[in-house]
2 protein chains.
Amino acid sequence: MENKILLSEQEIPRFFYNIVADMPNKPLPPLHPGTRQPITPDLLEPLFPKELIQQEVSAERYIEIPRQVRDIYAKWRPSPLFRARGLEKLLDTPARIYYKYEGVSPAGSHKPNTAVAQAFYSKISGVKRIATETGAGQWGTALAYACQLFGLECEVFMVRVSYDQKPYRKIMMNTFGATVHASPSGQTAYGKKVLAENPDSSGSLGIAISEAIERAVSDPQSHYALGSVLNHVLLHQTIIGQEALLQMEKAGHMPDVVVAPFGGGSNFAGIAFPFLRLNLADDQQIRFIAVEPASCPKLTRGSFRYDFGDTAGMTPLLPMYTLGHDFIPSPIHAGGLRYHGAGVLVSQLLKDGLIEAVSQPQEPCFKAGLDFIRAEGIIPAPEATHAIATVIDEALKCRESGTEKTILFNLCGHGYFDMGAYASYMAGELTDPSVSEQEISASLSGTDQLQPG
Amino acid sequence: MENKILLSEQEIPRFFYNIVADMPNKPLPPLHPGTRQPITPDLLEPLFPKELIQQEVSAERYIEIPRQVRDIYAKWRPSPLFRARGLEKLLDTPARIYYKYEGVSPAGSHKPNTAVAQAFYSKISGVKRIATETGAGQWGTALAYACQLFGLECEVFMVRVSYDQKPYRKIMMNTFGATVHASPSGQTAYGKKVLAENPDSSGSLGIAISEAIERAVSDPQSHYALGSVLNHVLLHQTIIGQEALLQMEKAGHMPDVVVAPFGGGSNFAGIAFPFLRLNLADDQQIRFIAVEPASCPKLTRGSFRYDFGDTAGMTPLLPMYTLGHDFIPSPIHAGGLRYHGAGVLVSQLLKDGLIEAVSQPQEPCFKAGLDFIRAEGIIPAPEATHAIATVIDEALKCRESGTEKTILFNLCGHGYFDMGAYASYMAGELTDPSVSEQEISASLSGTDQLQPG
């Protein structure tokens with residue numbers, strides 16, 4: 001009766017899995033905001049290394065992972081797969097619950113999987129630095145770590161609310177040598193504009209992305225890096241699901257349901273896509289549930305349309321589920337999920353009914369997080385508690401129906417920097433912000449002029 | 001070229017290793033402070049379960065680990081052994097550096113190894129709760145975790161300076177359901193006495209131990225648990241070294257030097273004793289270096305004599321290297337090393353010249369910690385940085401002499417709750433308190449009346 005399924009370093013995947021090759025409907029192209037025509041890859045060259053631009057538009061099923069990247073993955077990968085026996089017992093459920101634990105990485109989350117790849121390609125393309133945004137700080141920490149490995153400078157625009165909630169996250173980025181600004185900042189023209197309009201702005205990922213892009217385009221020696229949303233980012237995370245597939249096979253149970261929290265899509269895609277392939281290519285019937293916060297409900301209450309990836313409107317127009325690029329989510333503790341849109345690949349899959357989405361309010365997520373701590377001994381990041389809350393819902397349904405399902409979820413990171421949030425929850429002080437239909441409509445109306453044709 | 005050596009759950013040790021069986025000079029007995037005669041085990045029965053009292057005085061070489069304890073260990077054990085290739089490269093040393101990483105445990109350190117065993121024995125003996133002290137919080141977190149697993153209440157007296165430095169540690173203990181008081185507290189007669197004399201006392205492990213013992217003896221339904229120093233605690237930690245022995249064999253390199261930080265001895269004993277057996281029983285020549293903080297130098301500047309384990313004088317008299325039970329160490333960030341004495345077994349081994357001790361000031365330890373973060377990507381606890389500083393010293397000696405030695409150290413825990421300390425270091429704000437000979441003499445004079453005969 002094993003508690004964890006481990007793999008050897010030799011079992012680290014050698015290829016990223018590109019789900020585009022298996023999608024029944026290919027994603028719509030990104031559009032140039034001026035011409036409304038599909039963008040050409042050269043438009044992205046000031047921001048990204050050319051290998052990543054190729055990956056962004058690739059339809060190849062498998063893309064080789066560079067040896068140097070695999071060597072770095074081997075410092076912590078393959079990550080362990082755990083059987084959640086404590087949680088199963090607590091819930092008295094016939095369901096088998098497994099979780100892939102990405103909190104063992106140096107940055108404490110799944111984010112280094114793509115950060116290392118992105119920093120590697122930027123390094124070999126010859127730039128000196130990378131600018132990025134971060135919400136809760138997991139992504140910024142990961143990129144800071146990756147840049148340090150390759151001798152690149154790293155500048156992070158951190159959403160103000162998380163910057164204030166999690167001072168130790170900032171320090172951790174500093175220990176890896178990164179420079180961190182609270183966003184909106186006085187460092188960019190766009191940040192200054194936002195601050196002039198609202199000096200108390202709590203910030204958003206959309207604003208921080210605008211600041212980081214502005215910084216990168218103004219410096220020929222700098223690239224920009226995004227921690228989710230884009231196709232190449234989701235691609236890199238598929239090593240999670242590929243490992244989990246091997247591990248579930250070794251455990252002798254394939255999942256009936258796969259659950260992951262949802263911000264921009266990289267966490268969900270990482271665990272889900274290699275299993276989703278079994279549905280698309282092999283007619284299996286696995287369910288996939290993306291869990292978003294009720295206060296930022298683009299998948300469950302947003303609209304599928306073209307929108308900007310950032311707030312200032314610097315990115316190409318992307319076909320996605322969105323709440324509108326002006327949408328500023330409430331300052332919930334799961335800062336990594338406070339993003340107005342969903343990645344293009346995941347949006348298309350949801351539109352085609354190949355995956356499901358649910359939303360969870362903040363308070364039951366922290367309740368689920370605390371149950372998990374006491375049952376399993378691991379402190380989950382607030383983002384990860386969204387998956388746990390839904391896993392518990394599914395496991396309780398199994399108890400009611402007496403069904404012996406296998407549930408797999410991605411425990412994307414630890415919550416050691418979120419103890420203040422757990423303290424607020426335990427003190428009964430957590431607010432649970434909701435969003436009105438009026439707010440969503442108003443925010444979406446800002447995208448009406450962006451639609452093609 | 002592997003980065004980490006993993007073991008399977010079946011390779012978790014089945015026995016604790018008791019070094020007493022192999023010591024050339026057996027440790028002197030603890031004495032009753034009134035009679036100055038060796039204490040009888042029944043004196044300890046209000047505090048500890050009888051199995052632990054037996055272990056405390058046992059001379060058996062191997063003591064079986066209960067199945068229930070091994071089952072819990074299997075949630076995170078065997079812990080990984082890493083080759084520190086990044087650090088080797090940074091130092092440009094011919095030395096091979098390995099570290100056993102205990103930060104993967106639920107509490108984030110090696111402490112659950114004994115906490116789980118202690119909570120298990122207390123549970124089967126029928127008590128309802130356990131009282132304890134904690135310094136930096138690693139031990140309190142571990143016992144809170146273990147008590148939660150067995151349905152025991154847990155009350156923690158946390159040294160004031162760490163309570164203030166690390167608020168998130170307290171919250172983490174709360175998430176596991178423990179009650180935490182800053183010590184000296186108003187909860188005990190001894191705490192009140194200390195506060196009356198010095199309302200601003202930063203506390204010490206010695207004071208916190210006195211408070212926890214007072215709490216436990218006043219409640220027949222309560223045991224007391226100690227996180228280091230005692231023979232049975234060191235015994236439980238030997239699973240670390242037993243695993244490391246297997247892992248070093250698999251790596252194909254046996255250590256020439258084994259290094260660990262030193263507070264009360266459990267961390268050091270855990271990694272060192274199973275290797276030290278090779279010297280004692282098999283004539284090998286491995287060096288063992290215990291690293292203590294320069295501001296709490298009992299091994300390098302203390303005296304070998306009988307002293308109390310706590311400040312109030314509630315414990316039996318223990319034969320150990322000590323700075324005197326009244327000694328209040330400076331408020332360094334490595335709170336887990338702020339203890340006036342050394343465990344009896346380690347003290348006897350040092351007296352017999354079978355192990356070595358060095359001290360490190362706080363500032364070079366944090367420098368070593370930051371080097372390690374940037375080279376290896378893992379944030380070490382301040383306690384662990386003491387080992388790293390000495391490992392770096394040894395590795396640089398290897399570079400100077402061109403010697404290809406193998407160095408093993410115990411990376412006893414992560415420093416996610418110590419980012420404030422790293423921030424102070426990076427800002428150049430760390431003070432490096434020293435201790436004068438006068439202070440040590442004055443403090444030791446308080447033990448002059450305690451010596452037998």
# chains A, B, ... in the order shown; residues from 1 in each chain; ligands from 1
call {"tool": "select_by_dssp", "arguments": {"residues": "stretch 196-328 of chain B", "states": "helix (DSSP H, G or I)", "output": "number ranges by chain"}}
result
B: 196-197, 205-217, 231-251, 266-282, 298-301
call {"tool": "residues_around", "arguments": {"residues": "A:Ala312", "least_positions_apart": "6", "cutoff": "9 Å", "atoms": "only C-alpha atoms", "output": "list in words"}}
result
Tyr190, Gly206, Ile207, Ile209, Ser210, Glu211, His325 and Asp326 of chain A
call {"tool": "interface_residues", "arguments": {"of": "chain B", "to": "chain A", "cutoff": "7 Å", "atoms": "only C-alpha atoms", "output": "PyMOL selection string"}}
result
chain B and resi 3+74-75+106+145+148+168+171-172+175-176+370+374+377-378+416+419-420+423
call {"tool": "select_by_dssp", "arguments": {"residues": "stretch 360-425 of chain A", "states": "strand (DSSP E or B)", "output": "list of chain:residue names"}}
result
A:Gln360, A:Pro380, A:Thr406, A:Ile407, A:Leu408, A:Phe409, A:Asn410, A:Leu411, A:Gly413, A:His414
call {"tool": "write_last_selection", "arguments": {"atoms": "N, CA and C atoms", "output": "mmCIF file, in the first residue's frame"}}
result
data_model
loop_
_atom_site.group_PDB
_atom_site.id
_atom_site.type_symbol
_atom_site.label_atom_id
_atom_site.label_comp_id
_atom_site.auth_asym_id
_atom_site.auth_seq_id
_atom_site.Cartn_x
_atom_site.Cartn_y
_atom_site.Cartn_z
ATOM 1 N N GLN A 360 -15.596 28.346 -7.744
ATOM 2 C CA GLN A 360 -15.655 28.135 -6.293
ATOM 3 C C GLN A 360 -15.421 29.472 -5.592
ATOM 4 N N PRO A 380 -1.513 23.660 1.036
ATOM 5 C CA PRO A 380 -1.666 24.024 -0.372
ATOM 6 C C PRO A 380 -1.721 25.536 -0.570
ATOM 7 N N THR A 406 -11.916 7.178 -9.626
ATOM 8 C CA THR A 406 -10.552 7.635 -9.376
ATOM 9 C C THR A 406 -10.451 9.105 -9.792
ATOM 10 N N ILE A 407 -10.034 9.931 -8.842
ATOM 11 C CA ILE A 407 -9.937 11.373 -9.068
ATOM 12 C C ILE A 407 -8.466 11.773 -8.992
ATOM 13 N N LEU A 408 -8.013 12.530 -9.969
ATOM 14 C CA LEU A 408 -6.626 13.023 -9.992
ATOM 15 C C LEU A 408 -6.666 14.540 -10.012
ATOM 16 N N PHE A 409 -5.841 15.173 -9.180
ATOM 17 C CA PHE A 409 -5.744 16.638 -9.312
ATOM 18 C C PHE A 409 -4.309 17.101 -9.215
ATOM 19 N N ASN A 410 -4.107 18.323 -9.673
ATOM 20 C CA ASN A 410 -2.782 18.917 -9.669
ATOM 21 C C ASN A 410 -2.639 19.808 -8.449
ATOM 22 N N LEU A 411 -1.799 19.377 -7.500
ATOM 23 C CA LEU A 411 -1.484 20.226 -6.352
ATOM 24 C C LEU A 411 -0.306 21.098 -6.791
ATOM 25 N N GLY A 413 1.137 23.905 -5.981
ATOM 26 C CA GLY A 413 2.177 24.581 -5.215
ATOM 27 C C GLY A 413 1.842 24.617 -3.737
ATOM 28 N N HIS A 414 2.863 24.919 -2.917
ATOM 29 C CA HIS A 414 2.649 24.997 -1.471
ATOM 30 C C HIS A 414 2.237 26.406 -1.070
#
call {"tool": "residues_around", "arguments": {"residues": "B:Glu51", "least_positions_apart": "5", "cutoff": "10 Å", "atoms": "only C-alpha atoms", "output": "list in words"}}
result
Glu56, Gln118, Tyr121, Ser122, Ser125 and His232 of chain B
call {"tool": "residues_around", "arguments": {"residues": "B:Phe120", "least_positions_apart": "4", "cutoff": "8 Å", "atoms": "only C-alpha atoms", "output": "PyMOL selection string"}}
result
chain B and resi 68-69+116+124+150
call {"tool": "write_last_selection", "arguments": {"atoms": "all heavy atoms", "output": "mmCIF file, in the first residue's frame"}}
result
data_model
loop_
_atom_site.group_PDB
_atom_site.id
_atom_site.type_symbol
_atom_site.label_atom_id
_atom_site.label_comp_id
_atom_site.auth_asym_id
_atom_site.auth_seq_id
_atom_site.Cartn_x
_atom_site.Cartn_y
_atom_site.Cartn_z
ATOM 1 N N GLN B 68 2.952 1.442 12.781
ATOM 2 C CA GLN B 68 2.127 2.648 12.584
ATOM 3 C C GLN B 68 3.012 3.871 12.328
ATOM 4 O O GLN B 68 2.624 4.784 11.609
ATOM 5 C CB GLN B 68 1.263 2.913 13.821
ATOM 6 C CG GLN B 68 0.235 1.816 14.119
ATOM 7 C CD GLN B 68 0.763 0.754 15.068
ATOM 8 O OE1 GLN B 68 1.961 0.398 15.040
ATOM 9 N NE2 GLN B 68 -0.106 0.214 15.902
ATOM 10 N N VAL B 69 4.178 3.898 12.958
ATOM 11 C CA VAL B 69 5.100 5.031 12.773
ATOM 12 C C VAL B 69 5.725 4.966 11.375
ATOM 13 O O VAL B 69 5.794 5.976 10.660
ATOM 14 C CB VAL B 69 6.173 5.024 13.881
ATOM 15 C CG1 VAL B 69 7.255 6.068 13.605
ATOM 16 C CG2 VAL B 69 5.517 5.279 15.240
ATOM 17 N N VAL B 116 6.469 12.115 15.374
ATOM 18 C CA VAL B 116 5.499 11.068 15.074
ATOM 19 C C VAL B 116 5.678 9.897 16.044
ATOM 20 O O VAL B 116 4.702 9.365 16.582
ATOM 21 C CB VAL B 116 5.633 10.605 13.605
ATOM 22 C CG1 VAL B 116 4.820 9.342 13.352
ATOM 23 C CG2 VAL B 116 5.193 11.722 12.662
ATOM 24 N N ILE B 124 -0.812 5.692 22.590
ATOM 25 C CA ILE B 124 -1.147 4.341 23.062
ATOM 26 C C ILE B 124 -1.050 4.233 24.582
ATOM 27 O O ILE B 124 -1.596 3.302 25.164
ATOM 28 C CB ILE B 124 -0.295 3.231 22.386
ATOM 29 C CG1 ILE B 124 1.193 3.421 22.655
ATOM 30 C CG2 ILE B 124 -0.559 3.168 20.876
ATOM 31 C CD1 ILE B 124 2.055 2.250 22.168
ATOM 32 N N PHE B 150 -2.797 11.774 15.457
ATOM 33 C CA PHE B 150 -3.248 10.802 16.462
ATOM 34 C C PHE B 150 -4.395 11.338 17.321
ATOM 35 O O PHE B 150 -4.744 10.723 18.335
ATOM 36 C CB PHE B 150 -2.066 10.385 17.353
ATOM 37 C CG PHE B 150 -1.035 9.576 16.632
ATOM 38 C CD1 PHE B 150 0.208 10.111 16.321
ATOM 39 C CD2 PHE B 150 -1.314 8.268 16.229
ATOM 40 C CE1 PHE B 150 1.166 9.369 15.645
ATOM 41 C CE2 PHE B 150 -0.368 7.515 15.550
ATOM 42 C CZ PHE B 150 0.870 8.063 15.251
#
call {"tool": "residues_around", "arguments": {"residues": "B:Gly336", "least_positions_apart": "3", "cutoff": "9 Å", "atoms": "only C-alpha atoms", "output": "PyMOL selection string"}}
result
chain B and resi 134-139+205+262-264+333+339+382-383
call {"tool": "residues_around", "arguments": {"residues": "B:Val156", "least_positions_apart": "5", "cutoff": "10 Å", "atoms": "only C-alpha atoms", "output": "count of residues only"}}
result
23
call {"tool": "closest_residue", "arguments": {"among": "A:Pro184, A:Pro33, A:Pro112, A:Gly191", "to": "A:Gln237", "atoms": "only C-alpha atoms"}}
result
A:Pro112
call {"tool": "residues_around", "arguments": {"residues": "A:Val358", "least_positions_apart": "2", "cutoff": "9 Å", "atoms": "only C-alpha atoms", "output": "count of residues only"}}
result
12
call {"tool": "closest_residue", "arguments": {"among": "A:Leu444, A:Leu152, A:Val257, A:Ile240", "to": "A:Gln221", "atoms": "only C-alpha atoms"}}
result
A:Leu152
call {"tool": "atom_distance", "arguments": {"atom1": "atom CA of A:Thr114", "atom2": "atom CA of A:Gly341"}}
result
19.4 Å
call {"tool": "closest_residue", "arguments": {"among": "B:Leu245, B:Val258, B:Ala395, B:Val233", "to": "B:Glu88", "atoms": "only C-alpha atoms"}}
result
B:Ala395
call {"tool": "decode", "arguments": {"residues": "stretch 217-235 of chain A", "atoms": "N, CA, C and O atoms", "output": "JSON list (two decimals), in the first residue's frame"}}
result
[["chain", "number", "residue", "atom", "x", "y", "z"],
["A", 217, "VAL", "N", 9.62, 45.85, -24.70],
["A", 217, "VAL", "CA", 9.70, 46.39, -26.07],
["A", 217, "VAL", "C", 10.60, 47.61, -26.13],
["A", 217, "VAL", "O", 11.13, 47.95, -27.19],
["A", 218, "SER", "N", 10.79, 48.28, -24.99],
["A", 218, "SER", "CA", 11.62, 49.48, -25.00],
["A", 218, "SER", "C", 13.10, 49.16, -24.86],
["A", 218, "SER", "O", 13.92, 50.06, -24.80],
["A", 219, "ASP", "N", 13.44, 47.87, -24.79],
["A", 219, "ASP", "CA", 14.84, 47.47, -24.56],
["A", 219, "ASP", "C", 15.19, 46.30, -25.49],
["A", 219, "ASP", "O", 14.71, 45.18, -25.29],
["A", 220, "PRO", "N", 16.02, 46.54, -26.50],
["A", 220, "PRO", "CA", 16.34, 45.46, -27.46],
["A", 220, "PRO", "C", 17.07, 44.29, -26.81],
["A", 220, "PRO", "O", 17.11, 43.20, -27.38],
["A", 221, "GLN", "N", 17.64, 44.49, -25.63],
["A", 221, "GLN", "CA", 18.34, 43.41, -24.94],
["A", 221, "GLN", "C", 17.42, 42.63, -24.01],
["A", 221, "GLN", "O", 17.88, 41.80, -23.23],
["A", 222, "SER", "N", 16.12, 42.93, -24.08],
["A", 222, "SER", "CA", 15.19, 42.29, -23.14],
["A", 222, "SER", "C", 14.10, 41.53, -23.87],
["A", 222, "SER", "O", 13.59, 41.98, -24.91],
["A", 223, "HIS", "N", 13.78, 40.37, -23.35],
["A", 223, "HIS", "CA", 12.57, 39.66, -23.75],
["A", 223, "HIS", "C", 11.49, 39.86, -22.71],
["A", 223, "HIS", "O", 11.73, 40.37, -21.62],
["A", 224, "TYR", "N", 10.30, 39.41, -23.10],
["A", 224, "TYR", "CA", 9.18, 39.35, -22.19],
["A", 224, "TYR", "C", 8.84, 37.88, -22.00],
["A", 224, "TYR", "O", 9.04, 37.07, -22.91],
["A", 225, "ALA", "N", 8.33, 37.51, -20.83],
["A", 225, "ALA", "CA", 7.91, 36.12, -20.61],
["A", 225, "ALA", "C", 6.58, 36.12, -19.89],
["A", 225, "ALA", "O", 6.35, 36.93, -19.00],
["A", 226, "LEU", "N", 5.70, 35.22, -20.30],
["A", 226, "LEU", "CA", 4.39, 35.10, -19.69],
["A", 226, "LEU", "C", 4.31, 33.74, -18.99],
["A", 226, "LEU", "O", 4.83, 32.75, -19.51],
["A", 227, "GLY", "N", 3.64, 33.70, -17.84],
["A", 227, "GLY", "CA", 3.62, 32.48, -17.04],
["A", 227, "GLY", "C", 2.46, 31.56, -17.31],
["A", 227, "GLY", "O", 2.37, 30.47, -16.74],
["A", 228, "SER", "N", 1.53, 31.97, -18.21],
["A", 228, "SER", "CA", 0.38, 31.13, -18.51],
["A", 228, "SER", "C", -0.21, 31.59, -19.84],
["A", 228, "SER", "O", 0.46, 32.27, -20.61],
["A", 229, "VAL", "N", -1.42, 31.20, -20.12],
["A", 229, "VAL", "CA", -2.25, 31.68, -21.23],
["A", 229, "VAL", "C", -1.77, 31.24, -22.62],
["A", 229, "VAL", "O", -2.52, 30.63, -23.37],
["A", 230, "LEU", "N", -0.52, 31.56, -22.96],
["A", 230, "LEU", "CA", -0.04, 31.32, -24.32],
["A", 230, "LEU", "C", 0.17, 29.83, -24.60],
["A", 230, "LEU", "O", 0.43, 29.03, -23.69],
["A", 231, "ASN", "N", 0.07, 29.47, -25.88],
["A", 231, "ASN", "CA", 0.16, 28.06, -26.27],
["A", 231, "ASN", "C", 1.48, 27.42, -25.83],
["A", 231, "ASN", "O", 1.51, 26.27, -25.37],
["A", 232, "HIS", "N", 2.60, 28.16, -26.01],
["A", 232, "HIS", "CA", 3.88, 27.53, -25.69],
["A", 232, "HIS", "C", 4.04, 27.32, -24.18],
["A", 232, "HIS", "O", 4.75, 26.41, -23.75],
["A", 233, "VAL", "N", 3.39, 28.13, -23.39],
["A", 233, "VAL", "CA", 3.46, 27.96, -21.94],
["A", 233, "VAL", "C", 2.69, 26.71, -21.52],
["A", 233, "VAL", "O", 3.19, 25.88, -20.74],
["A", 234, "LEU", "N", 1.50, 26.57, -22.08],
["A", 234, "LEU", "CA", 0.70, 25.37, -21.79],
["A", 234, "LEU", "C", 1.45, 24.12, -22.26],
["A", 234, "LEU", "O", 1.44, 23.08, -21.58],
["A", 235, "LEU", "N", 2.07, 24.25, -23.41],
["A", 235, "LEU", "CA", 2.86, 23.15, -23.98],
["A", 235, "LEU", "C", 3.91, 22.64, -22.99],
["A", 235, "LEU", "O", 4.04, 21.43, -22.74]]
